[in-house]
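First the structure, in the form of structure tokens, and then the observations on it.
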Amino acid sequence: MNTTIILTYLKNAFLVSLWFCFLTFPIMVIKVNPYEETVVWRWQNMLYVGLASFSLYLFSRFFLFWKAGQQEKKKAQPSPESNKKKWQHVLFNEPKVFLPIIAVLIAVFSSFPFFLSTYQINIMITALMYVVLGLGLNIVVGVAGLLDLGYVAFYAVGAYTYALLNLHFDIGFWTALPIGGLLAACFGILLGFPVLRLRGDYLAIVTLGFGEIIRLVLENWTEFSHGPSGIAGIPRPGFFGMELSLDQSINYLYYLMIALVLFTVFVVNRLQNSRIGRAWFALREDEIACQAMGIDKTKTKLTAFALGAFWAGMVGVVFAAKTTFVNPSSFTFLESAIILCIVVLGGMGSIIGVIIAALVLMLLPEYLRAFADYRMLVFGATLVLMMVFRPKGLISTVHRTYNIES
């Protein structure tokens, strides 16, 4: 590395630190005390932000420079199979390794209710719900390559399905669970038909509009959905007619979510390795070539939308049972953005990556509450660093190769 590059990095690091100081000035420096009507100026925080951003920028530049050098060395000495391919193959295709890992993880997660408080179990339930939502959206975005910004609409359909069926027909959780999933899948097909010819940004805009339409309908059609007031008194899942206390209901719902996550992982993994899964991957890589190979593009897209929406609808039913209350403000665009972040940060098409990303994104803000006013700043900085050092996600998918033997 020559002197010119080092000077350029130092100059850019200085400019980046100034920019971060400007952006964080209202949060980090100014503190208003409304009771005493005074303003406290915390200039030392500005120094900390400047030094931290300056150091992190230099570290990231030198790391990327070193990584590029390592890639050049790998190109000079090509190997038949990379280490990443080896461990992914062993982890997912060798039952002797894969099954014990799954058994250990199930045992660890199942023991949480014996050691954690009710509040922490509630957080874990929310994290597991976003695992299933992320896996559902991963079918649409990560595997089929269809950018969906209105995924929260199917989530809302499932939640209101249970709420309205219970309100008007006294239908329980277990009956509403498949109905919510199937109804959300029908809405996924309805969304899929108008966007069959759209790609990229145009597809994203239409799906975003669809999500907002569903939310506005729920908010303004008061006779149907009770409007902004929402629907309260939704019962939690029952256990063979037994009366459960609040703590028992939360623990029961936690174990239900573990079972739903395992079921989702199994089904999604089988789908990815099936004929329709290969068609989704082909559609993501090159839509024109996919169609030229004789794959029914219409059927492939509609299947992706329907199956992705099915999981969102089921989680919506679980959400309504967990909170015992639903209203339209719970299904804003921010929810779709969070689920999309889970898919992107986990790795497009990667099941284990989506699971890790969902747990990190859901649990990190809660366990950063010790930072008080700065926890969302730390959370955002973590996402930025993630995109800098792992732009393809936590676990990037390996391009599949098929050997055809004569």
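Identifiers in this document derive from the order of the structure tokens: chains are assigned A, B, ..., residues are numbered from 1 separately in each chain, and ligands are numbered from 1 in order of occurrence.
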
Query raised in the report: Could you pull the residues within 12 Å of Ala279 of chain A, counting only C-alpha atoms, minus those fewer than 2 positions along the same chain, as a PyMOL selection string?
Result: chain A and resi 139+143-145+271-277+281-287+289-291+293-301+303-304

**Report entry** Contacts of Arg236 of chain A within 7 Å, only C-alpha atoms, excl. fewer than 3 positions in-chain, as an MDAnalysis selection string
**Finding:** chainID A and resid 321:322 324

**Report entry** Polymer residues at most 12 Å from Phe266 of chain A, only C-alpha atoms, same-chain spacing of 6 or more positions, as a ChimeraX atom specification
**Finding:** /A:92,102,132,135,259-260,272-273,351-352

Query raised in the report: Which residue gives the smallest distance to Ile121 of chain A among A:Leu133, A:Ile6, A:Ile250, A:Leu383, with only C-alpha atoms counted?
Result: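 That would be A:Ile250, the residue with the smallest distance to Ile121 of chain A.
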
Requested in this report: Counting only C-alpha atoms, figure out which residue out of A:Leu137, A:Val217, A:Leu364, A:Leu394 gets nearest to Gly380 of chain A.
Outcome: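 Nearest candidate to Gly380 of chain A out of A:Leu137, A:Val217, A:Leu364, A:Leu394: A:Leu364.
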
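Relative to atom CA of Val131 of chain A, atom CA of Tyr155 of chain A is found at 13.3 Å.
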
**Report entry** Best match for closeness to Leu216 of chain A among A:Pro228, A:Pro178, A:Gly238, A:Gly316, counting only C-alpha atoms
**Finding:**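 Selected residue with least distance to Leu216 of chain A: A:Pro228.
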